[in-house]
Amino acid sequence: MASEGQGGDRQRLSRELDAMQKVGIRNLRVLVGAEGSTERLTHIRPILQPEPGVYNDTLLRGLDYFLAELERRQMTAVLYLTNSWEWSGGYGAYLEWAGEGQAPEPSDWQGFVDFHSHFVQNTRAKTLVADHVKRIVSRTNTVTGRPYAESPAIMAWELANEPRAFSRQPAVKEAFLDWARNLAALIKSLDPNHLVTTGSEGLYGCEVDMDLFRRLHTLPEIDYACIHIWPHTWGWMGAFKSPTAEARRANGIDGTEKGFQSACDESQKYIDGACKALEGSGRPIVIEEFGYPRDGYAITRQSTTQWRDAYYAFIFRQMQSHPQIAACNFWGWGGLARPPHDTWQPGDPYTCDPNHEEQGLYSVFSSDKGTLRAVKTAAKALRRAKDKK
């Protein structure tokens, strides 16, 4: 939206940032890495890096503009630099560029996992990511004239969205740790002024190995820990059987009070486990990504959000009951968007939902008064607690 090219809408961007600021949102988590080919229908568009080292300068100038707008509003961003998932290229694109062949689709789950487990062991793929990191972190903003390393709008750099080893083999997990350590050290060498974190989902992003989660987030190069929570995708509301809302209802996936209570119970265990694993480490934890579907798995702006609102309030309360939890980012902001299609098509307005997901399922629209009330209440409570300190 910040660019002057495909998808750009600076007027909407300004209105969205103002609306977020009004309800107390001060920090945004933003992808700075969309790699590879547009041949995949699920790939977000436009693409930042269509070929190794080849960049869409219009998008980069849009990033400059976006950061300048954040600076003007005294807002901040966490910038994540690639992805483990295929919807923005990520691991798969870098492996293809490194000569590993074509990445399987997630529908071939075992093939997908096996292929992507090569990433942390492929020197060429990791070098290409490091080159991308150098390009972005070392950039000077064309709007403000200030190096990114000196931007007050950047709170933190993040290695990737949901980085995984994609293998339970000890050697692969060690390679994963080495990659995280080396990339974080590279970022800090280029920019000593900002925080660095991982982008990890937590236990599920660490091969269900809490020791790996602890080791990852106590690396000297990592400043704070993060976890993601997805009650529906992880089957906490019932079996995850279908990508469509209609089929989920038909299969009995529970979007009512029973599903809500199960989601809260399992989320509590997940959060408690992360806090216990990092107890005494001095590492704050950010619940930097969580989502909950609209009532009945509807996707329209007119649908209700009773259980989502309650779940948001539950997650926000964790900041009060767990001193280690420093902040939350919900997924995500749909704002003014009015999606004309169930899945994203070129030319449609952007929501928070990637184009392979139903547009509106997790989006918080500007008309979602109950959800915005929960966000605003949490933001006020966090500010009061900060003022007391």
# chains A, B, ... in the order shown; residues from 1 in each chain; ligands from 1
call {"tool": "residues_around", "arguments": {"residues": "stretch 353-364 of chain A", "least_positions_apart": "4", "cutoff": "8 Å", "atoms": "only C-alpha atoms", "output": "JSON, numbers by chain"}}
result
{"A": [41, 42, 43, 44, 87, 243, 244, 291, 292, 293, 294, 297, 298, 299, 300, 301, 331, 332, 333, 334, 335, 339, 341, 342, 343, 344, 345, 368, 371, 372]}
call {"tool": "residues_around", "arguments": {"residues": "A:Gly33", "least_positions_apart": "2", "cutoff": "9 Å", "atoms": "only C-alpha atoms", "output": "list in words"}}
result
Leu31, Glu35, Ile47, Leu48, Gln49, Tyr80, Leu81, Thr82, Asn83, Ser88, Gly89, Gly90, His132 and Ala160 of chain A
call {"tool": "select_by_dssp", "arguments": {"residues": "stretch 226-310 of chain A", "states": "strand (DSSP E)", "output": "PDB file with C-alpha atoms, in the first residue's frame"}}
result
ATOM      1  CA  CYS A 226       8.359 -14.868  20.610  1.00  0.00           C
ATOM      2  CA  ILE A 227       5.552 -17.373  20.213  1.00  0.00           C
ATOM      3  CA  HIS A 228       2.590 -17.731  17.852  1.00  0.00           C
ATOM      4  CA  ILE A 229      -0.784 -19.235  18.750  1.00  0.00           C
ATOM      5  CA  ILE A 285       8.298 -13.003  25.504  1.00  0.00           C
ATOM      6  CA  VAL A 286       6.068 -11.454  22.864  1.00  0.00           C
ATOM      7  CA  ILE A 287       2.935 -13.252  21.676  1.00  0.00           C
ATOM      8  CA  GLU A 288       3.607 -11.754  18.298  1.00  0.00           C
ATOM      9  CA  GLU A 289       1.020 -13.599  16.258  1.00  0.00           C
ATOM     10  CA  PHE A 290      -2.330 -15.052  17.221  1.00  0.00           C
TER      11      PHE A 290
END
call {"tool": "atom_distance", "arguments": {"atom1": "atom CA of A:Asn56", "atom2": "atom CA of A:Gly5"}}
result
9.8 Å
call {"tool": "residues_around", "arguments": {"residues": "A:Gln169", "least_positions_apart": "5", "cutoff": "12 Å", "atoms": "only C-alpha atoms", "output": "ChimeraX atom specification"}}
result
/A:114,117-118,174-176,206-207,209,212
call {"tool": "select_by_dssp", "arguments": {"residues": "stretch 164-360 of chain A", "states": "alpha helix (DSSP H)", "output": "ChimeraX atom specification"}}
result
/A:170-190,210-217,245-250,257-277,306-321
call {"tool": "residues_around", "arguments": {"residues": "stretch 138-150 of chain A", "least_positions_apart": "5", "cutoff": "10 Å", "atoms": "only C-alpha atoms", "output": "list in words"}}
result
Leu60, Arg61, Gly62, Leu63, Asp64, Tyr65, Phe66, Leu67, Ala68, Glu69, Glu71, His132, Val133, Ile187, Lys188, Leu190, Asp191, Pro192, Asn193 and His194 of chain A
call {"tool": "residues_around", "arguments": {"residues": "A:Val129", "least_positions_apart": "3", "cutoff": "12 Å", "atoms": "only C-alpha atoms", "output": "ChimeraX atom specification"}}
result
/A:32-35,49,52-53,81-84,89-95,97-98,119-120,122-126,132-136,159-160,179-180,182-184,186-187
call {"tool": "atom_distance", "arguments": {"atom1": "atom CA of A:Ala313", "atom2": "atom CA of A:Lys258"}}
result
16.9 Å
call {"tool": "closest_residue", "arguments": {"among": "A:Pro220, A:Pro170, A:Gly235, A:Pro323", "to": "A:Glu266", "atoms": "only C-alpha atoms"}}
result
A:Gly235
call {"tool": "closest_residue", "arguments": {"among": "A:Glu257, A:Asp57, A:Glu96, A:Val30", "to": "A:Trp157", "atoms": "only C-alpha atoms"}}
result
A:Val30
call {"tool": "decode", "arguments": {"residues": "stretch 13-104 of chain A", "atoms": "C-alpha atoms", "output": "short mmCIF file (atom, residue, chain, number, x, y, z; two decimals), in the first residue's frame"}}
result
data_model
loop_
_atom_site.label_atom_id
_atom_site.label_comp_id
_atom_site.auth_asym_id
_atom_site.auth_seq_id
_atom_site.Cartn_x
_atom_site.Cartn_y
_atom_site.Cartn_z
CA LEU A 13 -2.40 3.49 4.25
CA SER A 14 -2.64 6.85 6.00
CA ARG A 15 -6.21 6.17 7.10
CA GLU A 16 -5.30 2.69 8.34
CA LEU A 17 -2.33 3.91 10.37
CA ASP A 18 -4.42 6.67 11.91
CA ALA A 19 -7.17 4.18 12.80
CA MET A 20 -4.71 1.79 14.41
CA GLN A 21 -3.12 4.58 16.37
CA LYS A 22 -6.53 5.68 17.59
CA VAL A 23 -7.26 2.30 19.22
CA GLY A 24 -3.79 2.12 20.80
CA ILE A 25 -1.87 -0.03 18.32
CA ARG A 26 1.71 1.22 18.31
CA ASN A 27 3.63 -1.64 16.73
CA LEU A 28 3.21 -3.48 13.42
CA ARG A 29 4.86 -6.65 12.19
CA VAL A 30 5.75 -6.40 8.53
CA LEU A 31 7.21 -8.76 5.91
CA VAL A 32 10.27 -7.44 4.06
CA GLY A 33 10.92 -10.40 1.82
CA ALA A 34 8.73 -11.83 -0.94
CA GLU A 35 10.85 -14.00 -3.17
CA GLY A 36 10.55 -16.19 -6.23
CA SER A 37 8.05 -16.80 -8.97
CA THR A 38 4.49 -15.56 -9.42
CA GLU A 39 3.60 -18.89 -11.04
CA ARG A 40 2.37 -20.17 -7.68
CA LEU A 41 -1.23 -19.06 -7.31
CA THR A 42 -0.79 -18.84 -3.53
CA HIS A 43 2.16 -16.41 -3.76
CA ILE A 44 1.56 -12.89 -2.46
CA ARG A 45 1.98 -10.12 -5.04
CA PRO A 46 3.78 -7.98 -6.03
CA ILE A 47 7.13 -9.67 -5.37
CA LEU A 48 10.06 -7.84 -3.82
CA GLN A 49 12.87 -10.12 -5.11
CA PRO A 50 11.86 -12.07 -8.24
CA GLU A 51 15.42 -13.30 -8.82
CA PRO A 52 18.48 -13.46 -6.54
CA GLY A 53 19.72 -9.93 -5.94
CA VAL A 54 17.11 -8.40 -8.29
CA TYR A 55 14.72 -6.07 -6.44
CA ASN A 56 11.54 -4.18 -7.15
CA ASP A 57 12.75 -0.67 -6.36
CA THR A 58 9.20 0.67 -6.35
CA LEU A 59 8.40 -1.62 -3.43
CA LEU A 60 11.60 -0.67 -1.61
CA ARG A 61 10.74 3.01 -1.93
CA GLY A 62 7.30 2.09 -0.62
CA LEU A 63 8.95 0.55 2.43
CA ASP A 64 10.89 3.80 2.90
CA TYR A 65 7.64 5.77 2.74
CA PHE A 66 5.94 3.39 5.18
CA LEU A 67 8.73 3.71 7.74
CA ALA A 68 8.68 7.50 7.35
CA GLU A 69 4.93 7.47 8.08
CA LEU A 70 5.55 5.36 11.19
CA GLU A 71 8.24 7.77 12.34
CA ARG A 72 5.85 10.67 11.90
CA ARG A 73 3.30 8.93 14.15
CA GLN A 74 5.85 7.62 16.67
CA MET A 75 4.87 4.07 15.80
CA THR A 76 7.28 1.17 15.38
CA ALA A 77 7.67 -2.00 13.34
CA VAL A 78 9.11 -5.48 13.61
CA LEU A 79 10.52 -6.28 10.16
CA TYR A 80 10.74 -9.99 9.32
CA LEU A 81 13.16 -10.75 6.55
CA THR A 82 11.95 -13.99 4.98
CA ASN A 83 9.54 -16.86 5.60
CA SER A 84 9.60 -20.60 6.13
CA TRP A 85 6.31 -20.90 4.22
CA GLU A 86 5.64 -20.89 0.50
CA TRP A 87 3.08 -18.07 0.35
CA SER A 88 5.85 -15.48 0.14
CA GLY A 89 8.56 -17.67 -1.38
CA GLY A 90 10.84 -17.98 1.63
CA TYR A 91 12.83 -21.17 2.26
CA GLY A 92 11.44 -22.81 -0.86
CA ALA A 93 12.42 -19.97 -3.21
CA TYR A 94 15.95 -19.83 -1.84
CA LEU A 95 16.33 -23.60 -2.14
CA GLU A 96 15.11 -23.49 -5.75
CA TRP A 97 17.65 -20.73 -6.49
CA ALA A 98 20.32 -22.90 -4.85
CA GLY A 99 19.58 -25.73 -7.28
CA GLU A 100 17.54 -28.05 -5.04
CA GLY A 101 14.72 -28.44 -7.58
CA GLN A 102 11.10 -27.31 -7.29
CA ALA A 103 9.57 -26.95 -3.86
CA PRO A 104 6.54 -29.20 -3.25
#
